[in-house]
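Visitor: Dropping in target-v3.txt, which is compact mmCIF, C-alpha atoms:
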# COMPACT_ATOMS: atom_id res chain seq x y z
CA MET A 17 -22.89 -56.50 17.03
CA LYS A 18 -19.83 -57.70 18.85
CA ARG A 19 -18.24 -55.05 21.08
CA VAL A 20 -14.44 -54.66 21.07
CA ARG A 21 -12.81 -54.20 24.46
CA TRP A 22 -9.57 -52.19 24.44
CA PRO A 23 -6.99 -53.18 27.01
CA LEU A 24 -6.04 -50.34 29.35
CA SER A 25 -2.45 -50.39 28.05
CA ALA A 26 -3.67 -49.93 24.46
CA ALA A 27 -5.88 -47.00 25.45
CA ILE A 28 -2.97 -45.30 27.20
CA PHE A 29 -0.74 -45.87 24.15
CA LEU A 30 -3.37 -44.30 21.86
CA LEU A 31 -3.66 -41.27 24.14
CA LEU A 32 0.11 -40.80 24.19
CA LEU A 33 0.17 -41.07 20.39
CA LEU A 34 -2.37 -38.27 20.06
CA VAL A 35 -0.44 -36.06 22.47
CA SER A 36 2.85 -36.72 20.66
CA PHE A 37 1.44 -35.64 17.29
CA PRO A 38 -0.64 -32.48 17.76
CA ALA A 39 -2.61 -31.00 14.92
CA ALA A 40 -0.50 -29.14 12.37
CA ALA A 41 -0.35 -25.38 12.81
CA SER A 42 -2.56 -23.43 10.45
CA TYR A 43 -1.08 -20.67 8.31
CA ASP A 44 -4.21 -20.17 6.22
CA THR A 45 -4.60 -16.45 6.91
CA ALA A 46 -0.96 -15.66 6.17
CA ILE A 47 -0.88 -17.73 2.97
CA ARG A 48 -4.12 -16.31 1.62
CA THR A 49 -2.92 -12.80 2.46
CA ALA A 50 0.42 -13.38 0.74
CA ARG A 51 -1.22 -14.73 -2.40
CA GLU A 52 -3.73 -11.92 -2.67
CA PHE A 53 -1.17 -9.17 -2.06
CA LEU A 54 1.54 -10.55 -4.34
CA TRP A 55 -0.70 -11.60 -7.23
CA LYS A 56 -2.21 -8.13 -7.17
CA SER A 57 1.30 -6.64 -7.27
CA VAL A 58 2.27 -8.75 -10.28
CA THR A 59 -0.95 -8.27 -12.25
CA SER A 60 -1.14 -4.52 -11.60
CA GLY A 61 1.95 -3.90 -13.75
CA GLY A 62 5.49 -2.84 -12.97
CA ILE A 63 6.37 -6.13 -11.28
CA ASN A 64 7.78 -8.99 -13.39
CA SER A 65 7.77 -11.69 -10.71
CA CYS A 66 8.17 -12.13 -6.96
CA SER A 67 8.60 -14.70 -4.22
CA ALA A 68 7.62 -14.91 -0.55
CA ALA A 69 8.48 -17.24 2.31
CA ILE A 70 7.54 -17.60 5.98
CA LEU A 71 9.69 -18.98 8.80
CA ASP A 72 8.22 -20.28 12.06
CA GLY A 73 10.47 -21.60 14.80
CA GLY A 74 13.38 -22.28 12.50
CA GLU A 75 11.30 -24.07 9.85
CA ILE A 76 10.19 -22.70 6.48
CA VAL A 77 6.44 -23.29 6.59
CA TYR A 78 5.49 -21.50 3.37
CA SER A 79 7.31 -20.65 0.15
CA GLU A 80 5.80 -19.60 -3.17
CA GLY A 81 6.56 -17.64 -6.32
CA PHE A 82 4.33 -15.43 -8.44
CA GLY A 83 4.74 -14.57 -12.10
CA THR A 84 7.36 -15.82 -14.54
CA ALA A 85 11.07 -15.68 -13.74
CA ASP A 86 12.09 -16.29 -17.37
CA ARG A 87 9.44 -15.63 -20.01
CA ALA A 88 11.26 -17.13 -22.99
CA GLU A 89 11.91 -20.39 -21.16
CA GLY A 90 8.54 -20.41 -19.40
CA ILE A 91 10.14 -20.77 -15.96
CA PRO A 92 7.85 -19.70 -13.11
CA ALA A 93 9.20 -17.95 -10.03
CA ASP A 94 9.27 -19.94 -6.79
CA GLY A 95 10.89 -19.85 -3.36
CA LYS A 96 14.23 -20.95 -4.82
CA THR A 97 14.38 -18.27 -7.51
CA ARG A 98 17.36 -15.96 -7.11
CA PHE A 99 17.04 -12.15 -7.08
CA ASN A 100 19.50 -9.36 -6.30
CA ILE A 101 18.77 -8.21 -2.74
CA GLY A 102 20.38 -4.74 -2.67
CA SER A 103 20.86 -3.26 0.79
CA THR A 104 19.59 -6.38 2.54
CA SER A 105 23.20 -7.44 1.87
CA LYS A 106 24.19 -5.07 4.67
CA MET A 107 22.98 -7.57 7.26
CA PHE A 108 25.55 -10.08 5.99
CA ALA A 109 28.30 -7.49 6.51
CA ALA A 110 26.92 -7.00 10.03
CA ALA A 111 26.95 -10.77 10.59
CA ALA A 112 30.57 -11.07 9.44
CA ILE A 113 31.76 -8.26 11.71
CA LEU A 114 29.95 -9.73 14.72
CA ILE A 115 31.50 -13.15 14.09
CA LEU A 116 34.95 -11.54 14.24
CA ALA A 117 33.95 -9.60 17.36
CA ASP A 118 32.80 -12.90 18.91
CA GLU A 119 36.32 -14.22 18.38
CA ASN A 120 37.90 -11.06 19.88
CA ARG A 121 39.62 -10.31 16.58
CA LEU A 122 38.16 -6.81 16.61
CA GLY A 123 36.05 -4.58 18.85
CA LEU A 124 32.88 -2.85 17.71
CA ASP A 125 34.16 0.42 19.12
CA ASP A 126 37.59 0.11 17.52
CA PRO A 127 38.49 3.03 15.25
CA VAL A 128 38.21 1.99 11.61
CA ILE A 129 41.79 3.12 10.98
CA ARG A 130 43.05 0.50 13.45
CA HIS A 131 42.13 -2.17 10.90
CA LEU A 132 42.35 -0.07 7.71
CA PRO A 133 45.32 2.28 8.17
CA GLU A 134 45.16 3.23 4.47
CA PHE A 135 41.75 4.85 5.05
CA SER A 136 42.11 8.64 5.27
CA MET A 137 40.13 11.83 4.58
CA LYS A 138 40.75 15.55 4.33
CA ASP A 139 38.59 15.94 7.42
CA PRO A 140 40.69 14.98 10.49
CA ARG A 141 37.56 13.81 12.33
CA TYR A 142 37.65 10.60 10.28
CA ARG A 143 40.04 9.17 12.88
CA ASP A 144 37.13 9.03 15.34
CA ILE A 145 34.93 6.82 13.15
CA THR A 146 34.37 3.44 14.82
CA ILE A 147 33.18 0.15 13.40
CA ARG A 148 29.86 0.48 15.24
CA MET A 149 29.24 3.84 13.52
CA LEU A 150 29.44 2.13 10.13
CA PHE A 151 26.40 0.04 11.05
CA ASN A 152 24.10 2.60 12.65
CA HIS A 153 24.90 5.03 9.80
CA SER A 154 26.40 7.63 12.15
CA SER A 155 29.93 7.75 10.68
CA GLY A 156 29.35 11.04 8.84
CA LEU A 157 30.77 9.61 5.59
CA PRO A 158 29.49 11.33 2.44
CA GLY A 159 27.31 8.56 1.02
CA SER A 160 27.56 6.13 -1.90
CA THR A 161 30.61 5.48 -4.08
CA PHE A 162 29.41 2.90 -6.60
CA VAL A 163 27.07 2.40 -9.55
CA PHE A 164 24.70 -0.35 -10.60
CA GLY A 165 25.75 -1.94 -13.88
CA TYR A 166 26.42 -5.08 -15.88
CA ARG A 167 30.22 -5.47 -15.76
CA ASP A 168 32.65 -6.35 -13.00
CA ASP A 169 35.46 -4.14 -14.24
CA GLN A 170 36.38 -1.95 -11.31
CA ASN A 171 37.95 -2.26 -7.88
CA PRO A 172 35.31 -0.70 -5.60
CA HIS A 173 37.64 -0.73 -2.58
CA ALA A 174 40.32 1.31 -4.35
CA VAL A 175 37.72 3.67 -5.82
CA LEU A 176 36.23 4.32 -2.39
CA LEU A 177 39.57 4.96 -0.69
CA ASP A 178 40.61 7.35 -3.48
CA THR A 179 37.30 9.21 -3.21
CA LEU A 180 37.40 9.51 0.56
CA ARG A 181 40.92 10.97 0.55
CA GLU A 182 39.45 14.09 -1.05
CA SER A 183 36.26 14.15 1.03
CA THR A 184 35.00 15.68 4.28
CA LEU A 185 32.43 14.43 6.78
CA LYS A 186 28.78 15.50 6.93
CA HIS A 187 28.86 15.73 10.72
CA ASP A 188 30.81 14.66 13.79
CA PRO A 189 31.25 10.88 13.91
CA GLY A 190 28.53 9.30 16.01
CA ALA A 191 26.34 12.41 16.21
CA MET A 192 23.39 11.23 14.10
CA GLY A 193 22.31 8.53 11.69
CA ILE A 194 22.13 9.42 7.97
CA TYR A 195 21.89 6.52 5.54
CA CYS A 196 25.34 5.72 4.15
CA ASN A 197 26.37 2.88 1.84
CA ASP A 198 30.10 3.56 1.96
CA GLY A 199 30.37 2.54 5.60
CA PHE A 200 29.42 -1.01 4.65
CA THR A 201 32.07 -1.15 1.95
CA LEU A 202 34.61 -0.19 4.62
CA ALA A 203 33.16 -2.95 6.82
CA GLU A 204 33.57 -5.43 3.96
CA MET A 205 37.22 -4.38 3.69
CA ILE A 206 37.71 -4.82 7.45
CA VAL A 207 36.32 -8.36 7.25
CA GLU A 208 38.80 -9.21 4.52
CA ARG A 209 41.72 -7.61 6.35
CA VAL A 210 41.03 -9.24 9.73
CA SER A 211 40.00 -12.67 8.44
CA GLY A 212 42.58 -12.85 5.66
CA LYS A 213 39.89 -14.14 3.27
CA PRO A 214 37.80 -12.65 0.46
CA PHE A 215 34.49 -11.37 1.82
CA LEU A 216 32.36 -13.91 -0.07
CA ASP A 217 34.58 -16.81 0.97
CA PHE A 218 34.27 -15.77 4.61
CA LEU A 219 30.48 -15.56 4.35
CA LYS A 220 30.24 -18.91 2.60
CA GLU A 221 32.31 -20.64 5.28
CA ARG A 222 30.85 -18.95 8.35
CA VAL A 223 27.26 -18.08 7.38
CA PHE A 224 25.95 -19.65 4.17
CA GLU A 225 27.11 -23.24 4.68
CA PRO A 226 26.25 -23.49 8.42
CA LEU A 227 22.71 -22.25 7.70
CA GLY A 228 22.21 -24.32 4.55
CA MET A 229 22.01 -21.23 2.32
CA LYS A 230 22.85 -22.83 -1.02
CA ASP A 231 21.48 -20.08 -3.25
CA THR A 232 23.11 -16.94 -1.85
CA GLY A 233 26.22 -15.22 -3.19
CA ALA A 234 27.32 -12.51 -5.60
CA SER A 235 24.91 -10.57 -7.85
CA ILE A 236 22.95 -12.58 -10.41
CA GLY A 237 25.15 -11.00 -13.10
CA ILE A 238 27.99 -13.13 -11.68
CA SER A 239 26.36 -16.06 -9.91
CA GLY A 240 23.77 -17.02 -12.53
CA GLY A 241 21.57 -20.03 -11.79
CA LYS A 242 17.78 -19.95 -11.58
CA VAL A 243 17.31 -16.19 -11.50
CA ALA A 244 14.40 -13.79 -11.85
CA GLU A 245 15.08 -11.92 -15.05
CA PHE A 246 14.15 -8.25 -15.31
CA TYR A 247 11.99 -6.94 -18.17
CA ASP A 248 11.42 -3.29 -18.98
CA GLU A 249 8.00 -1.73 -19.61
CA LYS A 250 8.17 -2.84 -23.27
CA GLY A 251 8.86 -6.45 -22.31
CA LYS A 252 12.54 -6.41 -23.27
CA LYS A 253 14.76 -8.60 -21.10
CA LEU A 254 17.70 -6.57 -19.81
CA PRO A 255 21.16 -7.95 -19.00
CA ARG A 256 21.58 -9.50 -15.57
CA GLU A 257 22.43 -6.80 -13.07
CA LEU A 258 25.73 -6.66 -11.19
CA VAL A 259 26.54 -4.68 -8.04
CA ALA A 260 30.24 -4.69 -7.17
CA VAL A 261 30.01 -3.53 -3.54
CA LEU A 262 29.10 -6.78 -1.82
CA GLY A 263 28.72 -5.57 1.75
CA ALA A 264 26.66 -2.53 0.83
CA GLY A 265 24.29 -4.13 -1.68
CA GLY A 266 25.90 -6.62 -4.03
CA LEU A 267 24.52 -10.01 -2.96
CA SER A 268 21.77 -12.14 -4.47
CA SER A 269 19.58 -14.63 -2.64
CA THR A 270 16.20 -16.38 -2.45
CA VAL A 271 13.33 -15.86 -0.03
CA GLU A 272 13.98 -19.29 1.46
CA ASP A 273 17.64 -18.48 2.13
CA LEU A 274 16.70 -15.09 3.61
CA CYS A 275 14.34 -16.89 5.99
CA ARG A 276 17.14 -19.29 6.97
CA PHE A 277 19.33 -16.26 7.66
CA SER A 278 16.55 -14.62 9.68
CA GLY A 279 16.30 -17.75 11.81
CA ALA A 280 19.79 -17.06 13.18
CA PHE A 281 18.35 -14.14 15.18
CA ILE A 282 15.58 -15.97 17.03
CA PRO A 283 16.07 -17.55 20.49
CA GLY A 284 17.14 -21.16 20.16
CA GLY A 285 17.54 -20.85 16.41
CA LYS A 286 20.44 -22.21 14.38
CA SER A 287 22.95 -19.37 14.57
CA PHE A 288 26.54 -18.45 13.85
CA LEU A 289 26.61 -15.92 16.72
CA SER A 290 26.99 -16.21 20.48
CA GLU A 291 24.04 -15.14 22.60
CA LYS A 292 25.92 -11.93 23.46
CA MET A 293 26.33 -10.96 19.80
CA ARG A 294 22.83 -12.02 18.92
CA GLU A 295 21.58 -9.57 21.54
CA GLU A 296 23.96 -6.93 20.16
CA ILE A 297 22.61 -7.13 16.63
CA LEU A 298 19.02 -6.88 17.89
CA ARG A 299 19.34 -4.02 20.34
CA PRO A 300 18.81 -0.36 19.35
CA GLN A 301 21.97 1.66 18.67
CA PRO A 302 20.89 5.25 19.46
CA THR A 303 22.80 8.42 18.60
CA PRO A 304 22.73 11.67 20.63
CA PHE A 305 20.55 13.35 18.00
CA ALA A 306 17.98 10.54 17.97
CA ALA A 307 17.86 10.53 21.77
CA SER A 308 16.64 14.13 21.65
CA LEU A 309 13.69 13.27 19.39
CA ARG A 310 10.29 11.87 20.24
CA GLY A 311 9.40 8.41 19.02
CA GLN A 312 11.45 5.72 17.35
CA SER A 313 14.06 6.76 14.79
CA LEU A 314 15.02 4.66 11.79
CA LEU A 315 18.63 3.49 11.34
CA GLU A 316 19.27 3.45 15.09
CA ALA A 317 20.16 -0.23 14.83
CA PHE A 318 23.07 -2.52 13.90
CA GLY A 319 22.54 -2.60 10.17
CA TRP A 320 18.74 -2.97 10.27
CA ASP A 321 16.42 -0.25 9.03
CA TYR A 322 14.83 -0.44 12.47
CA ALA A 323 15.22 -2.47 15.65
CA LEU A 324 11.80 -1.44 16.97
CA LEU A 325 8.52 -0.47 15.35
CA PRO A 326 6.28 1.65 17.62
CA GLU A 327 3.02 -0.12 16.71
CA PHE A 328 4.50 -3.51 17.64
CA ARG A 329 6.52 -2.19 20.59
CA ASP A 330 3.31 -0.90 22.17
CA LEU A 331 2.07 -4.51 22.22
CA GLY A 332 5.30 -5.79 23.76
CA PHE A 333 6.89 -7.11 20.54
CA GLN A 334 10.26 -6.24 19.07
CA MET A 335 10.19 -6.14 15.27
CA VAL A 336 13.35 -5.81 13.20
CA GLY A 337 13.51 -5.38 9.46
CA LYS A 338 15.73 -4.62 6.49
CA SER A 339 14.86 -3.52 3.00
CA GLY A 340 16.95 -3.53 -0.15
CA GLY A 341 16.69 -2.05 -3.59
CA THR A 342 18.73 -1.96 -6.79
CA SER A 343 17.87 -0.60 -10.22
CA PHE A 344 15.80 -3.72 -10.93
CA TYR A 345 14.94 -5.50 -7.66
CA THR A 346 13.39 -4.81 -4.25
CA THR A 347 13.64 -6.91 -1.09
CA ASN A 348 12.43 -6.89 2.50
CA ILE A 349 12.73 -9.15 5.51
CA GLN A 350 10.88 -8.69 8.79
CA ILE A 351 11.54 -10.69 11.96
CA LEU A 352 9.63 -11.09 15.23
CA PRO A 353 12.48 -12.61 17.25
CA SER A 354 10.63 -13.45 20.47
CA ARG A 355 8.11 -15.56 18.56
CA GLY A 356 10.51 -17.07 16.05
CA LEU A 357 8.65 -15.64 13.07
CA ALA A 358 10.09 -14.15 9.88
CA VAL A 359 8.76 -13.11 6.48
CA ALA A 360 10.80 -12.48 3.32
CA VAL A 361 9.58 -10.96 0.05
CA ILE A 362 11.55 -10.13 -3.13
CA PHE A 363 10.30 -8.48 -6.33
CA SER A 364 11.74 -8.26 -9.82
CA GLY A 365 10.76 -4.63 -10.21
CA HIS A 366 10.11 -1.85 -7.73
CA GLY A 367 7.44 -3.41 -5.56
CA PRO A 368 6.00 -2.50 -2.13
CA THR A 369 8.10 -5.05 -0.26
CA GLN A 370 7.92 -3.29 3.12
CA GLU A 371 4.13 -3.19 2.93
CA ALA A 372 4.06 -6.80 1.71
CA THR A 373 6.13 -8.24 4.57
CA CYS A 374 4.27 -6.23 7.19
CA THR A 375 0.88 -7.27 5.82
CA ILE A 376 1.87 -10.94 5.72
CA MET A 377 3.47 -10.74 9.18
CA LYS A 378 0.28 -9.35 10.72
CA ALA A 379 -1.73 -12.14 9.10
CA LEU A 380 0.79 -14.67 10.44
CA MET A 381 0.41 -13.23 13.93
CA ARG A 382 -3.35 -13.70 13.67
CA ASP A 383 -2.78 -17.34 12.74
CA LYS A 384 -0.65 -17.64 15.88
CA ASN A 385 -3.36 -15.97 18.01
CA LEU A 386 -1.11 -13.01 18.77
CA GLN A 387 -2.36 -9.48 19.26
CA VAL A 388 -1.91 -7.44 16.10
CA PRO A 389 -1.52 -3.66 15.81
CA GLU A 390 -4.76 -2.07 14.76
CA LYS A 391 -5.14 0.67 12.20
CA PRO A 392 -5.30 4.05 13.95
CA ARG A 393 -8.78 5.45 14.11
CA PRO A 394 -9.30 8.65 12.15
CA VAL A 395 -9.25 11.76 14.32
CA PRO A 396 -11.85 14.40 13.46
CA PRO A 397 -10.35 17.74 12.45
CA ALA A 398 -10.23 20.48 15.04
CA ALA A 399 -12.99 23.03 14.95
CA ALA A 400 -12.22 26.11 12.88
CA GLU A 401 -11.21 29.17 14.84
CA PRO A 402 -11.10 32.82 13.75
CA VAL A 403 -7.74 34.29 12.81
CA PRO A 404 -6.36 36.22 15.81
CA LEU A 405 -6.69 39.98 15.51
CA GLU A 406 -2.97 40.53 15.98
CA LEU A 407 -2.31 38.50 12.81
CA LEU A 408 -5.00 40.25 10.80
CA ALA A 409 -3.09 43.46 11.32
CA HIS A 410 -0.44 42.04 8.94
CA GLU A 411 -2.91 41.10 6.19
CA GLY A 412 -1.77 42.04 2.68
CA TYR A 413 0.61 41.16 -0.17
CA TYR A 414 4.37 40.69 0.20
CA VAL A 415 7.18 40.37 -2.31
CA ASP A 416 10.68 38.92 -2.02
CA ALA A 417 12.57 41.03 -4.55
CA SER A 418 15.63 38.77 -4.44
CA ARG A 419 13.57 35.83 -5.74
CA ALA A 420 10.92 37.82 -7.64
CA ALA A 421 8.26 35.82 -5.84
CA PHE A 422 4.96 37.09 -4.43
CA PHE A 423 3.31 35.95 -1.23
CA SER A 424 -0.11 36.81 0.05
CA PHE A 425 -1.53 36.74 3.51
CA ASP A 426 -5.25 37.17 3.52
Step by step, read the file and then write its structure as structure tokens.
Guide:
Amino acid sequence: MKRVRWPLSAAIFLLLLLVSFPAAASYDTAIRTAREFLWKSVTSGGINSCSAAILDGGEIVYSEGFGTADRAEGIPADGKTRFNIGSTSKMFAAAAILILADENRLGLDDPVIRHLPEFSMKDPRYRDITIRMLFNHSSGLPGSTFVFGYRDDQNPHAVLLDTLRESTLKHDPGAMGIYCNDGFTLAEMIVERVSGKPFLDFLKERVFEPLGMKDTGASIGISGGKVAEFYDEKGKKLPRELVAVLGAGGLSSTVEDLCRFSGAFIPGGKSFLSEKMREEILRPQPTPFAASLRGQSLLEAFGWDYALLPEFRDLGFQMVGKSGGTSFYTTNIQILPSRGLAVAVIFSGHGPTQEATCTIMKALMRDKNLQVPEKPRPVPPAAAEPVPLELLAHEGYYVDASRAAFFSFD
């Protein structure tokens, strides 16, 4: 057999070719985990359809749908199917405010009334509410002034301002974080006032188009398109849901678009924010009350549900996440910024989206050979001890006459 001699230059070229094109990354564990978890969710009942997507280093490496988005038309759900995303919309309000802060058109610690002088309350402390407090839920505002429905026939900004004029605060502004939707409606109004543009137009120009988010906008009851319909327990298709408060929970999107949005918060990713504001949106935003507690508090972040998760923090990873829920849909995104990883899951129905994203994220970390938080080992119960004698002296039956209730201690 004739032997072929390779010139040295050809051998070097072949070696360089192999180095230039490394083997494709494997996402087998994450994909198998996603499929098992989400198919189980759909087939167990209560979930009509769902979608999931994974981002790695700015690229969508996995996208898939489960179940049927439209039963009558036989349209399956996929990564481009549109769902209402509920409170995950809050992160777009946060993005818009930080863009304006980047341009020095407002300050995060400006009083809200500086930009919305028509905002007033019976409680004089409202003057101390800052823009930052709207995002870490520490404003003290009463709560939620909107309803989920099917018609766009109200002015949610006017309704909120009218309601707040007759309202008082829950606590001193900035004292503690208690989940509050109304703060994000005020933030939406600030964006419109400062930018001079409708909230959705501003987002489209400054966030959606730069990131290539072609399937994100108003609720599916307005935007239409390829949407995940919602069916009740009897299989009846209900009208497409509409949420009027855009900044608090009124947007719709796809898992692929949510991953593109998540990519704006990873180092070196395609972003609409300066490095300073990217760091701002990722850092914890503690309140005095939370600082007095042990452990990590939820809501102590700029719009996120959390800016740290203890089980990941203990391994040296920051994990941020945001959930969303409406009457018909549930959403969650989870981002590991330092590693450029993100997972998005959306359900038509009330599904375990937080558990889904976390389960898929851990599987993704295993694919990337990263250390993953382990399940805590069960701790054996403490040995039983006899009741102290000083307490036994009070053994007997007690009655609270004011409530006509009986209590026993024996």
Visitor: For CA of Ile206 (chain A) and CA of Ser155 (chain A), quote the distance in Å rounded to one decimal.
Guide: 15.1 Å
Visitor: How many Å separate CA of Asp168 (chain A) from CA of Asp198 (chain A)?
Guide: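 For CA of Asp168 (chain A) relative to CA of Asp198 (chain A), the distance reads 18.1 Å.
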Visitor: May I have the protein, DNA and RNA residues with an atom at most 8 Å from (30.7, 0.5, 17.1), counting only C-alpha atoms in the file's coordinates, returned as a list of chain:residue names?
Guide: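 Here the neighbourhood of the point contains A:Gly123, A:Leu124, A:Asp125, A:Asp126, A:Thr146, A:Ile147, A:Arg148, A:Met149, A:Leu150, A:Phe151.
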Visitor: If you measure from CA of Ser183 (chain A) to CA of Asp139 (chain A), what distance in Å do you get, rounded to one decimal?
Guide: 7.0 Å
Visitor: How close does region 208-316 of chain A get to region 343-366 of chain A? List, as a tab-separated table, each residue of region 208-316 of chain A within 10 Å, its nearest atom pair and the distance in Å to one decimal, counting all atoms listed in the file.
Guide:
residue	atom	partner	partner_atom	distance
A:Val243	CA	A:Ser364	CA	9.8
A:Ala244	CA	A:Ser364	CA	6.5
A:Glu245	CA	A:Ser364	CA	7.2
A:Phe246	CA	A:Ser364	CA	6.0
A:Tyr247	CA	A:Gly365	CA	8.4
A:Asp248	CA	A:Gly365	CA	8.9
A:Leu254	CA	A:Phe344	CA	9.5
A:Arg256	CA	A:Phe344	CA	9.4
A:Glu257	CA	A:Phe344	CA	7.6
A:Leu258	CA	A:Ser343	CA	10.0
A:Val259	CA	A:Ser343	CA	9.8
A:Ser269	CA	A:Ile362	CA	9.2
A:Thr270	CA	A:Ile362	CA	7.8
A:Val271	CA	A:Ala360	CA	5.4
A:Glu272	CA	A:Ala360	CA	7.7
A:Asp273	CA	A:Ala360	CA	9.2
A:Leu274	CA	A:Ala360	CA	6.5
A:Cys275	CA	A:Ala360	CA	6.3
A:Arg276	CA	A:Ala358	CA	9.2
A:Phe277	CA	A:Ala358	CA	9.7
A:Ser278	CA	A:Ala358	CA	6.5
A:Gly279	CA	A:Gly356	CA	7.2
A:Ala280	CA	A:Pro353	CA	9.5
A:Phe281	CA	A:Pro353	CA	6.4
A:Ile282	CA	A:Pro353	CA	4.6
A:Pro283	CA	A:Ser354	CA	6.8
A:Gly284	CA	A:Gly356	CA	8.8
A:Gly285	CA	A:Gly356	CA	8.0
A:Leu298	CA	A:Pro353	CA	8.7
Visitor: Could you check the closest approach to Glu89 (chain A) for each of A:Lys242, A:Val388, A:Gly199, A:Ala117 and tell me which residue wins, using all atoms listed in the file?
Guide: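 Ranked by minimum distance to Glu89 (chain A), first place goes to A:Lys242.
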Visitor: Hey, what's within 9 Å of Pro92 (chain A) if we count only C-alpha atoms and toss same-chain stuff fewer than 6 positions away? As a PyMOL selection string, please?
Guide: chain A and resi 65+81-86+244
Visitor: List every residue of region 80-179 of chain A that has an atom at most 9 Å from any atom of region 210-217 of chain A, and for each one report the closest atom pair and its distance in Å to one decimal, counting only C-alpha atoms, with rows sorted by chain and then by increasing residue number, as a tab-separated table.
Guide:
residue	atom	partner	partner_atom	distance
A:Ala109	CA	A:Phe215	CA	8.7
A:Ala112	CA	A:Phe215	CA	8.6
A:Leu116	CA	A:Ser211	CA	7.8
A:Arg121	CA	A:Val210	CA	7.1
A:Leu122	CA	A:Val210	CA	7.8
A:His131	CA	A:Val210	CA	7.3
Visitor: Using only C-alpha atoms, which of A:Asn152, A:Asn120, A:Asn197, A:Ser136 sits nearest Thr184 (chain A)?
Guide: A:Ser136
Visitor: Restrict the calculation to all atoms listed in the file, then for each residue of region 372-413 of chain A with any atom at most 12 Å from an atom of region 329-336 of chain A give the closest atom pair and their distance in Å to one decimal, rows by chain and rising residue number, as a Markdown table.
Guide:
| residue | atom | partner | partner_atom | distance |
| --- | --- | --- | --- | --- |
| A:Thr373 | CA | A:Val336 | CA | 11.5 |
| A:Cys374 | CA | A:Met335 | CA | 10.0 |
| A:Met377 | CA | A:Met335 | CA | 10.2 |
| A:Lys378 | CA | A:Met335 | CA | 11.4 |
| A:Met381 | CA | A:Phe333 | CA | 11.1 |
| A:Leu386 | CA | A:Leu331 | CA | 9.7 |
| A:Gln387 | CA | A:Leu331 | CA | 7.3 |
| A:Val388 | CA | A:Leu331 | CA | 7.9 |
| A:Pro389 | CA | A:Leu331 | CA | 7.4 |
| A:Glu390 | CA | A:Leu331 | CA | 10.4 |
